[in-house]
Structure formats: structure tokens, C-alpha cells
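Source file: data01.cif (mmCIF, C-alpha atoms)
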```cif
data_structure
loop_
_atom_site.label_atom_id
_atom_site.label_comp_id
_atom_site.auth_asym_id
_atom_site.auth_seq_id
_atom_site.Cartn_x
_atom_site.Cartn_y
_atom_site.Cartn_z
CA ILE A 1 46.66 70.85 81.54
CA SER A 2 43.49 70.97 79.50
CA ASN A 3 41.49 70.34 82.68
CA PHE A 4 42.78 73.54 84.32
CA HIS A 5 40.41 76.48 84.71
CA ILE A 6 42.60 78.89 86.56
CA GLU A 7 43.11 82.64 86.76
CA CYS A 8 46.39 84.41 86.10
CA THR A 9 47.36 87.69 87.73
CA HIS A 10 50.22 89.60 86.11
CA ILE A 11 50.68 91.66 89.26
CA CYS A 12 47.94 94.01 88.04
CA ARG A 13 45.95 91.95 85.51
CA ILE A 14 43.73 88.88 85.88
CA TYR A 15 42.65 86.47 83.18
CA ILE A 16 41.79 82.81 82.73
CA PHE A 17 44.65 80.45 81.84
CA TYR A 18 43.79 78.30 78.83
CA PRO A 19 46.47 76.12 77.18
CA GLN A 20 45.48 77.37 73.73
CA ASN A 21 46.36 80.91 74.88
CA VAL A 22 49.86 80.00 76.08
CA THR A 23 51.40 82.72 73.87
CA PHE A 24 49.46 85.35 75.78
CA HIS A 25 50.68 83.96 79.09
CA HIS A 26 54.29 83.89 77.91
CA GLN A 27 53.92 87.51 76.84
CA GLY A 28 52.65 88.59 80.23
CA ILE A 29 55.36 86.74 82.15
CA PHE A 30 58.18 88.09 80.00
CA SER A 31 56.70 91.59 79.90
CA ASP A 32 55.88 91.98 83.59
CA GLY A 33 58.44 89.54 84.94
CA ALA A 34 55.98 87.46 86.95
CA ALA A 35 52.44 86.13 87.15
CA ILE A 36 50.21 84.39 89.65
CA ILE A 37 48.14 81.41 88.55
CA ARG A 38 45.08 80.92 90.75
CA ASN A 39 42.65 78.07 91.49
CA THR A 40 45.28 75.43 90.82
CA PRO A 41 44.20 71.99 92.06
CA ARG A 42 46.10 70.33 94.87
CA PRO A 43 48.26 67.38 93.77
CA THR A 44 46.42 64.11 94.23
CA SER A 45 49.41 61.83 93.66
CA ASP A 46 53.20 61.83 93.47
CA ASP A 47 53.12 61.01 89.77
CA PRO A 48 55.31 63.67 88.06
CA ASP A 49 52.89 63.68 85.15
CA GLU A 50 50.06 64.76 87.45
CA ILE A 51 51.79 67.46 89.52
CA PRO A 52 50.09 70.74 88.45
CA ALA A 53 53.25 72.89 88.68
CA ALA A 54 55.14 70.38 86.53
CA MET A 55 52.30 70.20 84.00
CA LEU A 56 52.22 73.98 83.69
CA GLY A 57 56.03 74.19 83.54
CA ARG A 58 56.16 71.73 80.66
CA THR A 59 53.49 73.68 78.81
CA LEU A 60 55.39 76.96 79.14
CA GLY A 61 58.84 75.39 78.74
CA GLY A 62 58.43 73.50 75.51
CA GLY A 63 57.56 70.07 76.89
CA SER A 64 60.19 69.52 79.59
CA LEU A 65 61.47 70.76 82.94
CA SER A 66 65.11 71.62 83.64
CA HIS A 67 67.93 71.90 86.17
CA GLY A 68 66.90 68.82 88.15
CA THR A 69 70.37 67.49 89.01
CA LEU A 70 70.68 68.92 92.52
CA TYR A 71 67.11 69.07 93.81
CA GLY A 72 65.10 67.00 91.34
CA ASP A 73 62.83 68.11 88.52
CA ILE A 74 60.12 68.70 91.14
CA PHE A 75 61.17 70.01 94.54
CA HIS A 76 59.30 70.71 97.76
CA VAL A 77 60.04 73.95 99.60
CA LYS A 78 59.23 73.53 103.28
CA SER A 79 61.05 73.70 106.58
CA MET A 80 62.76 70.42 107.41
CA PRO A 81 65.50 69.18 109.75
CA ASP A 82 69.06 68.85 108.46
CA ALA A 83 68.27 71.03 105.45
CA ASN A 84 70.97 71.26 102.77
CA ASN A 85 69.63 74.59 101.51
CA LEU A 86 68.50 77.75 103.28
CA ALA A 87 65.22 77.53 101.34
CA TYR A 88 64.33 74.40 103.31
CA THR A 89 64.32 76.25 106.63
CA SER A 90 62.08 78.91 108.15
CA LEU A 91 64.77 81.59 107.93
CA PRO A 92 64.34 84.67 105.71
CA LEU A 93 65.72 84.56 102.18
CA SER A 94 67.12 87.76 100.72
CA PRO A 95 66.20 88.49 97.08
CA HIS A 96 68.28 86.34 94.75
CA GLN A 97 68.29 84.19 91.62
CA ASP A 98 68.35 80.43 91.85
CA LEU A 99 71.29 78.39 90.55
CA ALA A 100 73.50 81.34 89.59
CA TYR A 101 76.44 78.93 89.66
CA TYR A 102 75.13 77.32 86.43
CA GLU A 103 76.39 78.63 83.10
CA SER A 104 72.72 79.15 82.22
CA MET A 105 70.56 79.50 85.30
CA PRO A 106 66.88 78.48 85.13
CA GLY A 107 64.54 80.51 82.94
CA LEU A 108 61.13 80.38 84.59
CA GLN A 109 60.58 79.25 88.15
CA LEU A 110 57.14 78.07 89.23
CA LEU A 111 56.20 77.81 92.92
CA HIS A 112 52.84 76.20 93.69
CA CYS A 113 51.53 77.04 97.17
CA VAL A 114 50.04 73.79 98.49
CA ASP A 115 49.81 74.79 102.16
CA MET A 116 50.02 78.13 103.94
CA GLY A 117 48.63 77.26 107.35
CA ARG A 118 46.75 79.75 109.48
CA ASN A 119 49.27 79.14 112.27
CA VAL A 120 52.18 80.16 110.02
CA VAL A 121 53.26 83.71 110.82
CA GLY A 122 55.31 85.38 108.10
CA GLY A 123 56.59 83.53 105.05
CA GLU A 124 55.52 86.16 102.50
CA SER A 125 57.04 85.79 99.04
CA VAL A 126 59.07 88.73 97.72
CA LEU A 127 59.97 89.82 94.18
CA VAL A 128 62.02 92.72 92.85
CA ASP A 129 63.03 93.42 89.25
CA GLY A 130 66.80 93.03 89.14
CA MET A 131 67.10 94.46 85.63
CA ALA A 132 65.17 97.60 86.53
CA ALA A 133 67.25 98.02 89.70
CA ALA A 134 70.45 97.83 87.65
CA TYR A 135 69.25 100.60 85.35
CA LYS A 136 68.40 102.72 88.40
CA LEU A 137 71.82 102.06 89.94
CA ARG A 138 73.47 103.39 86.79
CA GLN A 139 71.41 106.57 87.18
CA LEU A 140 72.05 107.00 90.91
CA ALA A 141 75.69 105.97 91.11
CA PRO A 142 77.54 105.45 87.80
CA LYS A 143 80.78 104.59 89.60
CA TYR A 144 79.13 101.79 91.58
CA PHE A 145 77.43 100.55 88.42
CA ARG A 146 80.73 100.43 86.53
CA THR A 147 82.33 98.48 89.37
CA LEU A 148 79.63 95.77 89.29
CA VAL A 149 80.05 95.52 85.51
CA GLU A 150 83.83 95.21 85.61
CA CYS A 151 84.41 93.09 88.73
CA PRO A 152 83.38 89.43 88.49
CA THR A 153 81.67 87.59 91.34
CA MET A 154 82.19 83.92 92.15
CA PHE A 155 78.96 81.92 92.43
CA ILE A 156 79.45 78.57 94.08
CA LYS A 157 77.69 75.41 95.25
CA GLN A 158 79.74 73.04 97.40
CA ARG A 159 78.20 70.15 99.33
CA ASP A 160 77.88 66.39 99.08
CA GLY A 161 77.02 65.68 95.47
CA ALA A 162 77.65 69.24 94.29
CA CYS A 163 80.85 70.99 93.21
CA MET A 164 79.90 73.91 90.97
CA THR A 165 81.40 77.37 90.42
CA TYR A 166 80.85 80.12 87.87
CA LEU A 167 82.60 83.47 87.61
CA ARG A 168 80.56 86.33 86.13
CA PRO A 169 79.88 90.03 86.81
CA CYS A 170 76.76 91.06 88.70
CA ILE A 171 75.69 93.24 85.74
CA VAL A 172 76.33 92.33 82.10
CA LEU A 173 76.18 94.80 79.20
CA ALA A 174 75.65 94.28 75.49
CA ALA A 175 78.77 94.47 73.39
CA LYS A 176 79.13 96.43 70.16
CA GLY A 177 76.46 95.69 67.61
CA GLY A 178 73.90 94.51 70.16
CA SER A 179 75.24 91.04 70.99
CA SER A 180 76.13 90.33 74.58
CA LYS A 181 79.41 89.92 76.38
CA GLY A 182 80.47 89.86 79.98
CA GLY A 183 83.57 90.00 82.16
CA LYS A 184 86.77 89.74 80.13
CA GLU A 185 85.12 90.50 76.79
CA VAL A 186 83.55 93.74 78.05
CA ALA A 187 86.88 94.77 79.56
CA ASN A 188 88.49 94.35 76.15
CA ASP A 189 85.82 96.51 74.51
CA ARG A 190 86.57 99.25 77.02
CA GLU A 191 90.00 99.84 75.49
CA SER A 192 88.45 101.21 72.30
CA ASN A 193 85.09 102.45 73.56
CA GLU A 194 84.88 104.41 76.78
CA ASP A 195 81.12 104.81 76.33
CA TYR A 196 80.45 101.08 76.72
CA ILE A 197 79.02 101.67 80.20
CA ASP A 198 75.90 103.21 78.63
CA ARG A 199 75.08 100.10 76.61
CA GLU A 200 71.98 98.01 77.15
CA ILE A 201 71.90 95.86 80.28
CA VAL A 202 71.40 92.28 79.14
CA ALA A 203 71.79 90.29 82.37
CA VAL A 204 71.88 90.61 86.14
CA ASN A 205 73.49 87.94 88.32
CA TRP A 206 72.68 88.13 92.02
CA SER A 207 72.67 85.36 94.60
CA PRO A 208 74.25 86.33 97.95
CA PRO A 209 73.63 82.95 99.65
CA PHE A 210 75.76 81.25 97.01
CA GLU A 211 78.77 83.50 96.56
CA GLY A 212 82.35 82.36 97.03
CA PRO A 213 85.62 84.21 97.53
CA LEU A 214 86.28 87.22 95.33
CA SER A 215 88.70 86.91 92.44
CA ILE A 216 89.62 90.55 91.98
CA HIS A 217 92.71 92.65 92.71
CA SER A 218 93.00 93.88 96.28
CA ASP A 219 92.99 97.48 95.04
CA LEU A 220 89.39 96.95 93.85
CA MET A 221 88.04 95.39 97.04
CA GLU A 222 86.84 98.57 98.74
CA ASP A 223 85.11 99.88 95.62
CA TYR A 224 83.50 96.49 95.03
CA TYR A 225 82.04 96.21 98.53
CA LYS A 226 80.72 99.77 98.41
CA ALA A 227 79.03 99.09 95.07
CA TYR A 228 77.74 95.73 96.27
CA ALA A 229 76.27 97.29 99.43
CA ALA A 230 74.54 100.00 97.42
CA PHE A 231 72.89 97.54 95.04
CA GLU A 232 71.95 95.27 97.94
CA ARG A 233 70.10 98.15 99.57
CA MET A 234 68.17 98.68 96.34
CA ILE A 235 66.79 95.14 96.25
CA ASP A 236 66.52 94.12 99.92
CA THR A 237 64.11 95.93 102.24
CA SER A 238 65.43 94.02 105.24
CA ILE A 239 68.56 96.18 105.15
CA SER A 240 67.87 99.41 106.98
CA ALA A 241 68.37 102.80 105.36
CA ALA A 242 71.64 104.58 105.96
CA THR A 243 71.53 106.99 108.89
CA GLU A 244 75.16 107.91 109.22
CA HIS A 245 74.55 111.55 108.29
CA GLY A 246 70.87 111.75 109.25
CA ASP A 247 70.11 112.98 105.74
CA LYS A 248 67.08 111.38 104.15
CA GLU A 249 68.16 112.68 100.76
CA SER A 250 71.54 110.99 100.91
CA ALA A 251 72.54 108.60 98.12
CA MET A 252 72.38 105.55 100.37
CA ASP A 253 68.88 106.51 101.44
CA GLU A 254 67.89 106.74 97.79
CA PHE A 255 69.04 103.16 97.33
CA SER A 256 66.96 101.99 100.28
CA GLN A 257 63.94 104.00 99.22
CA TYR A 258 64.03 102.25 95.86
CA ALA A 259 63.74 98.87 97.57
CA PHE A 260 60.76 99.92 99.66
CA GLU A 261 59.01 101.44 96.65
CA TYR A 262 59.56 98.64 94.14
CA THR A 263 59.52 95.43 96.19
CA TRP A 264 56.44 93.26 95.59
CA GLU A 265 55.34 91.16 98.55
CA ARG A 266 52.53 88.66 98.94
CA ARG A 267 51.52 85.84 101.25
CA LEU A 268 50.72 83.13 98.72
CA GLN A 269 47.48 81.26 99.20
CA PRO A 270 46.86 77.55 98.60
CA GLY A 271 46.04 77.03 94.93
CA GLU A 272 48.28 79.85 93.69
CA ILE A 273 51.32 79.31 91.49
CA LEU A 274 53.85 82.11 91.39
CA VAL A 275 55.59 82.10 87.99
CA PHE A 276 58.54 84.42 87.40
CA ASN A 277 61.50 84.94 85.11
CA ASN A 278 64.46 83.82 87.22
CA GLN A 279 66.93 85.55 84.90
CA ARG A 280 65.33 88.95 85.48
CA MET A 281 63.45 88.84 88.79
CA LEU A 282 65.04 88.39 92.20
CA HIS A 283 62.88 86.41 94.60
CA GLY A 284 62.99 85.97 98.35
CA ARG A 285 60.95 85.12 101.41
CA ARG A 286 60.22 86.63 104.79
CA GLY A 287 61.17 84.46 107.72
CA PHE A 288 58.34 82.60 109.41
CA HIS A 289 57.41 80.70 112.52
CA VAL A 290 54.48 78.61 113.70
CA ASN A 291 52.15 79.67 116.49
CA GLU A 292 50.62 77.17 118.87
CA ILE A 293 48.39 74.70 117.07
CA VAL A 294 44.78 75.83 116.91
CA GLU A 295 42.23 73.05 117.22
CA SER A 296 39.08 72.90 115.17
CA LYS A 297 35.62 72.90 116.78
CA GLY A 298 35.66 69.12 116.91
CA GLY A 299 38.93 69.08 118.80
CA ASP A 300 41.02 67.84 115.87
CA VAL A 301 44.04 69.68 114.60
CA GLN A 302 43.37 71.27 111.22
CA GLU A 303 45.38 69.58 108.47
CA GLY A 304 48.14 71.85 107.16
CA ALA A 305 47.45 74.53 109.76
CA SER A 306 51.12 74.68 110.75
CA THR A 307 52.71 74.05 107.35
CA ARG A 308 54.17 76.27 104.65
CA HIS A 309 54.64 74.06 101.60
CA LEU A 310 55.47 75.11 98.04
CA ILE A 311 56.12 72.78 95.11
CA GLY A 312 58.68 74.13 92.66
CA VAL A 313 59.94 73.45 89.14
CA TYR A 314 62.24 75.18 86.65
CA THR A 315 62.20 75.61 82.89
CA ASN A 316 65.12 76.17 80.54
CA ILE A 317 65.25 79.74 79.24
CA ASP A 318 66.14 78.69 75.68
CA ASP A 319 63.38 76.09 75.42
CA THR A 320 60.86 78.49 76.96
CA LEU A 321 61.78 81.33 74.61
CA ASN A 322 61.78 78.96 71.66
CA THR A 323 58.23 77.92 72.51
CA TYR A 324 57.17 81.55 72.82
CA ARG A 325 58.93 82.73 69.66
CA THR A 326 57.67 79.93 67.43
CA LEU A 327 54.11 80.49 68.63
CA LEU A 328 54.50 84.20 67.91
CA ARG A 329 55.97 83.51 64.49
CA ASP A 330 53.09 81.20 63.60
CA ASN A 331 50.64 84.04 64.26
CA ASP A 332 52.73 86.95 62.99
CA PRO A 333 56.00 86.37 61.08
CA MET A 334 57.47 89.63 62.40
CA ALA A 335 56.29 89.41 66.01
CA SER A 336 59.20 87.29 67.24
CA ASN A 337 61.58 90.15 66.37
CA PHE A 338 60.11 92.39 69.06
CA ILE A 339 60.42 90.36 72.26
CA ARG A 340 61.67 92.48 75.13
CA ASN A 341 65.03 91.86 76.75
CA VAL A 342 64.43 88.94 79.13
CA GLY A 343 67.75 89.10 81.00
CA ASN A 344 69.37 86.05 79.40
CA GLY A 345 72.41 87.88 78.05
CA THR A 346 71.16 88.84 74.61
CA SER A 347 69.53 92.08 73.55
CA PHE A 348 67.66 91.16 70.40
CA VAL A 349 66.16 88.35 68.31
CA PRO A 350 67.97 87.77 64.98
CA LYS A 351 65.90 88.79 61.98
CA TYR A 352 66.08 85.35 60.41
CA CYS A 353 63.74 84.06 63.15
CA ALA A 354 60.94 85.74 61.21
CA LEU A 355 61.70 83.88 57.99
#
```
As a first step, turn the structure in this file into C-alpha cells.
Amino acid sequence: ISNFHIECTHICRIYIFYPQNVTFHHQGIFSDGAAIIRNTPRPTSDDPDEIPAAMLGRTLGGGSLSHGTLYGDIFHVKSMPDANNLAYTSLPLSPHQDLAYYESMPGLQLLHCVDMGRNVVGGESVLVDGMAAAYKLRQLAPKYFRTLVECPTMFIKQRDGACMTYLRPCIVLAAKGGSSKGGKEVANDRESNEDYIDREIVAVNWSPPFEGPLSIHSDLMEDYYKAYAAFERMIDTSISAATEHGDKESAMDEFSQYAFEYTWERRLQPGEILVFNNQRMLHGRRGFHVNEIVESKGGDVQEGASTRHLIGVYTNIDDTLNTYRTLLRDNDPMASNFIRNVGNGTSFVPKYCAL
């Protein structure tokens, strides 16, 4: 992507993207959770080697893209008939992570806005930090937090050509010594350490559109759904605040207020690439529809005026972190030991990475 001259906004910072500064861009994405790349050229061919989002993804991801089995290495997000995924409709998408039914879901996701027509009403992109929300849930409602740590959720993908399931808790904590464990392993730790619930949060798993039947004891069902509803309010502004008691200071209102305060929303513009850490950030979309076609002065319909079209790719979290860490190590042998928790189930970088 040496021919790119594009700006990058890390929610609150703007700078020029240069391939030789890829370490700096990794740092911003993993620190802030997301970035916007601006002034990206429109694809001029279907050649995978010339698709800007794919070129950028390979640069950040160590030379390759990932998770292409179900939707292809490069996928097009737009409303289409007979869609096999909610993303390929005009319906709203609640905040979620993609491919949570994989053992290792995608690391970075890149979405290049190719068209956002002036006749498209709605369709804003939404982001919320799932890791930060989990920490806040522990503060607001420790019982709910404990439930989402201890009760596993079934993530599932079943359709023609797909038969995938993965059982994992919504929130995963580090085990003793700083390494990570989830589900059964954490439950075993609990027998000898009642304070495990205060450990570092190392992963969040959240994807309501792709959840299957629960695999928990019936005695836990009520607690699970209460905890699930509370966390859902914290990350989804489309769910109205609780009004059962008419008390704006109620716990459920606090959950909803968090969502409204910490949800990032933007109508992407053509030429922008939204890049985010899929293992930390939950992403969604407002529903949209198309107004009547507006003709140009010459009487012709403006190309793309009624289209919302994003081009997407994924990177592997391990390959992406490896690229980032080796670049850091080349510049500062100790720097790779101080990468923040990125939500991939581990809380620290082993010291030998600096050797």
C-alpha cells in the first residue's frame, strides 16, 4: 500500500497512514480499540491484490487475511435478497463480535465504505468497548458479573455449508499467575480461591445473533437471563432504559445510561475504512432504508445514491500481534512486554519475547 496517502483517526486523533509507520498504527488500534482510515481509494478491479481493505489488512495482519471459509477472504456488506446473514440486509445489528463460534474469532476487522448514498437513511456504524463494559458490570452488579463468568454460552452457526458451535462464557478471567482460563478451568480455580472474581478480565464473548440453546442447569436460568439482560443494556442503546419503578437512579437505569454515554456512532463516508479489534470491541449498525431516488440536474440517477456498500476483511489475532510485537522488539527490546490486554484471552506477553 505504498501508494496510499490516507489519514487515520483513532476516534480522537488524526494522522497520515504510512506503511513504514505501521507500528504506530497498530499501537493506536490496540490502545483505543478502533481507528478510521480516510481518503482510501475506491477499488478499481476485483483483483484481491488490489482491493484497498485487503491490502491494508495484509499489512497490519502479517501478510495474510483470515477466516475466509464462510464468507470469503473479502466480503461485501450490502443489502441483498435471500441473504444468509443479517448483515446482508437493511435491518439493525445489535453490538456483537463476528464469528464468536470460532475457537479464535477474528482479530482485526476492516470495513471499507465504498458507497453511502445520499438516499440512504440510517445505516450508522456503532462501536462499544466490550472489555470496558465488563469491568463496569463488575462494579455495578458483582452478582451479574459472576454469573456471566461462570455460565457458558453456546455460539453457533448452522446453515448450508456451515456447522459450527463453541461453548464459552461471556466474560473470561485470568487464572492464577496471570495466564488465562475460561469456563471449566475457572470453576476449578474457584474451589481454592474465592477471590478469583476480581482477577483481570482477559476476554469478552458477545454475539446475540449467533447464540444457540443454553447448556446450564435449570436452577441457573433465571440468574443468567437477568445478568444477560443487564449487560445487554450496557452495550445496546436500542434497548430502552428500565422504567418499572420510575427511578432514574435504579441499577437497570445505570446499565442503560452506560450504553448511551459510551457508545460511539458514525455514518461512514466513502473512502473511510473502519478498523477495530474484534476481540475487544462490539460493533453494530443502525437499520436503514432508501428514500425515493433523487435525480441529478441532467435527469440521470446518481450512481450509488441508493446504496450502502462496505467491503470487509479479517486478520488473525496471533499473526497481527506477532507483526506488532516483532516490530516493537526491533525498535526497543523491552517494548513488546508492555502491550495492553487486547481481549484475546491472555493478560501479558512472556518476558522471553524481549530476548
Rows by chain and residue number, region 25-125 of chain A within 12 Å of region 207-218 of chain A, shortest pair, all atoms listed in the file, as CSV:
```
residue,atom,partner,partner_atom,distance
A:Asn85,CA,A:Pro209,CA,9.5
A:Leu86,CA,A:Pro209,CA,8.2
A:Ala87,CA,A:Pro209,CA,10.1
A:Pro92,CA,A:Pro209,CA,11.2
A:Leu93,CA,A:Pro209,CA,8.5
A:Ser94,CA,A:Pro208,CA,7.8
A:Pro95,CA,A:Ser207,CA,7.6
A:His96,CA,A:Ser207,CA,4.5
A:Gln97,CA,A:Ser207,CA,5.4
A:Asp98,CA,A:Ser207,CA,7.1
A:Leu99,CA,A:Ser207,CA,8.2
A:Ala100,CA,A:Ser207,CA,6.5
A:Tyr101,CA,A:Phe210,CA,7.7
A:Tyr102,CA,A:Phe210,CA,11.3
A:Met105,CA,A:Ser207,CA,11.2
```
Handout entry: For Glu254 (chain A), the nearest of the candidates A:Ile201, A:Leu140, A:Ala35, A:Ala134, counting all atoms listed in the file
Key =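 Of the candidates, the smallest distance to Glu254 (chain A) is held by A:Leu140.
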Handout entry: Using only C-alpha atoms: which of A:Ala83, A:Ala227, A:Leu108, A:Val172 has the shortest distance to Tyr144 (chain A)
Key =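 Of the candidates, the smallest distance to Tyr144 (chain A) is held by A:Ala227.
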Kindly resolve the PyMOL selection byres ((chain A and resi 162) around 12) on the present coordinates and return the residues as a PDB file with C-alpha atoms, keeping the file's coordinate frame.
```
ATOM      1  CA  THR A  69      70.370  67.490  89.010  1.00  0.00           C
ATOM      2  CA  LEU A  70      70.680  68.920  92.520  1.00  0.00           C
ATOM      3  CA  TYR A  71      67.110  69.070  93.810  1.00  0.00           C
ATOM      4  CA  ASN A  84      70.970  71.260 102.770  1.00  0.00           C
ATOM      5  CA  LEU A  99      71.290  78.390  90.550  1.00  0.00           C
ATOM      6  CA  TYR A 101      76.440  78.930  89.660  1.00  0.00           C
ATOM      7  CA  TYR A 102      75.130  77.320  86.430  1.00  0.00           C
ATOM      8  CA  ILE A 156      79.450  78.570  94.080  1.00  0.00           C
ATOM      9  CA  LYS A 157      77.690  75.410  95.250  1.00  0.00           C
ATOM     10  CA  GLN A 158      79.740  73.040  97.400  1.00  0.00           C
ATOM     11  CA  ARG A 159      78.200  70.150  99.330  1.00  0.00           C
ATOM     12  CA  ASP A 160      77.880  66.390  99.080  1.00  0.00           C
ATOM     13  CA  GLY A 161      77.020  65.680  95.470  1.00  0.00           C
ATOM     14  CA  CYS A 163      80.850  70.990  93.210  1.00  0.00           C
ATOM     15  CA  MET A 164      79.900  73.910  90.970  1.00  0.00           C
ATOM     16  CA  THR A 165      81.400  77.370  90.420  1.00  0.00           C
TER      17      THR A 165
END
```
Exercise for the section: May I ask which of the residues A:Leu167, A:Ile273, A:Leu137, A:Ile317 is the closest one to Arg42 (chain A), counting only C-alpha atoms? Expected result: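 The closest residue to Arg42 (chain A) is A:Ile273.
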Exercise for the section: Would you mind listing what lies within 12 Å of Asp46 (chain A) as a ChimeraX atom specification, with only C-alpha atoms counted and same-chain residues fewer than 5 positions away left out? Expected result: /A:51-52,54,74-76,311
Handout entry: Separation of CA of Leu310 (chain A) from CA of Gly28 (chain A), in Å and rounded to one decimal
Key = 22.5 Å
Please evaluate the PyMOL selection byres ((chain A and resi 119) around 8) against the displayed coordinates and give the resulting residues as a short mmCIF file (atom, residue, chain, number, x, y, z; two decimals) with C-alpha atoms, in the coordinates of the input.
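selection-v6.cif, freshly written:
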```cif
data_model
loop_
_atom_site.label_atom_id
_atom_site.label_comp_id
_atom_site.auth_asym_id
_atom_site.auth_seq_id
_atom_site.Cartn_x
_atom_site.Cartn_y
_atom_site.Cartn_z
CA GLY A 117 48.63 77.26 107.35
CA ARG A 118 46.75 79.75 109.48
CA VAL A 120 52.18 80.16 110.02
CA VAL A 121 53.26 83.71 110.82
CA VAL A 290 54.48 78.61 113.70
CA ASN A 291 52.15 79.67 116.49
CA GLU A 292 50.62 77.17 118.87
CA ILE A 293 48.39 74.70 117.07
CA VAL A 294 44.78 75.83 116.91
CA ALA A 305 47.45 74.53 109.76
CA SER A 306 51.12 74.68 110.75
CA THR A 307 52.71 74.05 107.35
#
```
Handout entry: Counting all atoms listed in the file, the option among A:Lys78, A:Arg199, A:His67, A:Lys143 closest to Gly107 (chain A)
Key = A:His67
Problem - Nearest to Phe30 (chain A) by atom-to-atom distance, counting all atoms listed in the file, from A:Asp198, A:Asp129, A:Pro270, A:Gly284 - result: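 Smallest separation from Phe30 (chain A) among the options: A:Asp129.
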Could you write out as a compact mmCIF listing (two decimals) with C-alpha atoms, in the frame of the given file the residues that the PyMOL selection byres ((chain A and resi 122) around 6) matches in the shown file?
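Output file out.txt is given in full below:
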```
# COMPACT_ATOMS: atom_id res chain seq x y z
CA VAL A 121 53.26 83.71 110.82
CA GLY A 123 56.59 83.53 105.05
CA GLU A 124 55.52 86.16 102.50
CA GLY A 287 61.17 84.46 107.72
CA PHE A 288 58.34 82.60 109.41
```
Problem - Å distance separating CA of Val204 (chain A) from CA of Val22 (chain A), one decimal place - result: 26.4 Å
Handout entry: Top pick for closest residue to Ser90 (chain A), considering A:Ile36, A:Asp332, A:Val77, A:Glu265 and counting only C-alpha atoms
Key =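 Among the listed residues, A:Val77 lies closest to Ser90 (chain A).
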Problem - Non-local contacts of Gly57 (chain A) (8 Å; only C-alpha atoms; under 5 positions in same chain excluded) as a PyMOL selection string - result: chain A and resi 63-65+110+313-315
Exercise for the section: Name the residues in contact with Lys226 (chain A) at a cut-off of 12 Å, using all atoms listed in the file, excluding same-chain residues fewer than 6 positions from it; report them as a PyMOL selection string. Expected result: chain A and resi 141+143-148+220+232-233+252
Problem - Computed interatomic separation between CA of Ser31 (chain A) and CA of Asn344 (chain A) (Å) - result: 13.8 Å
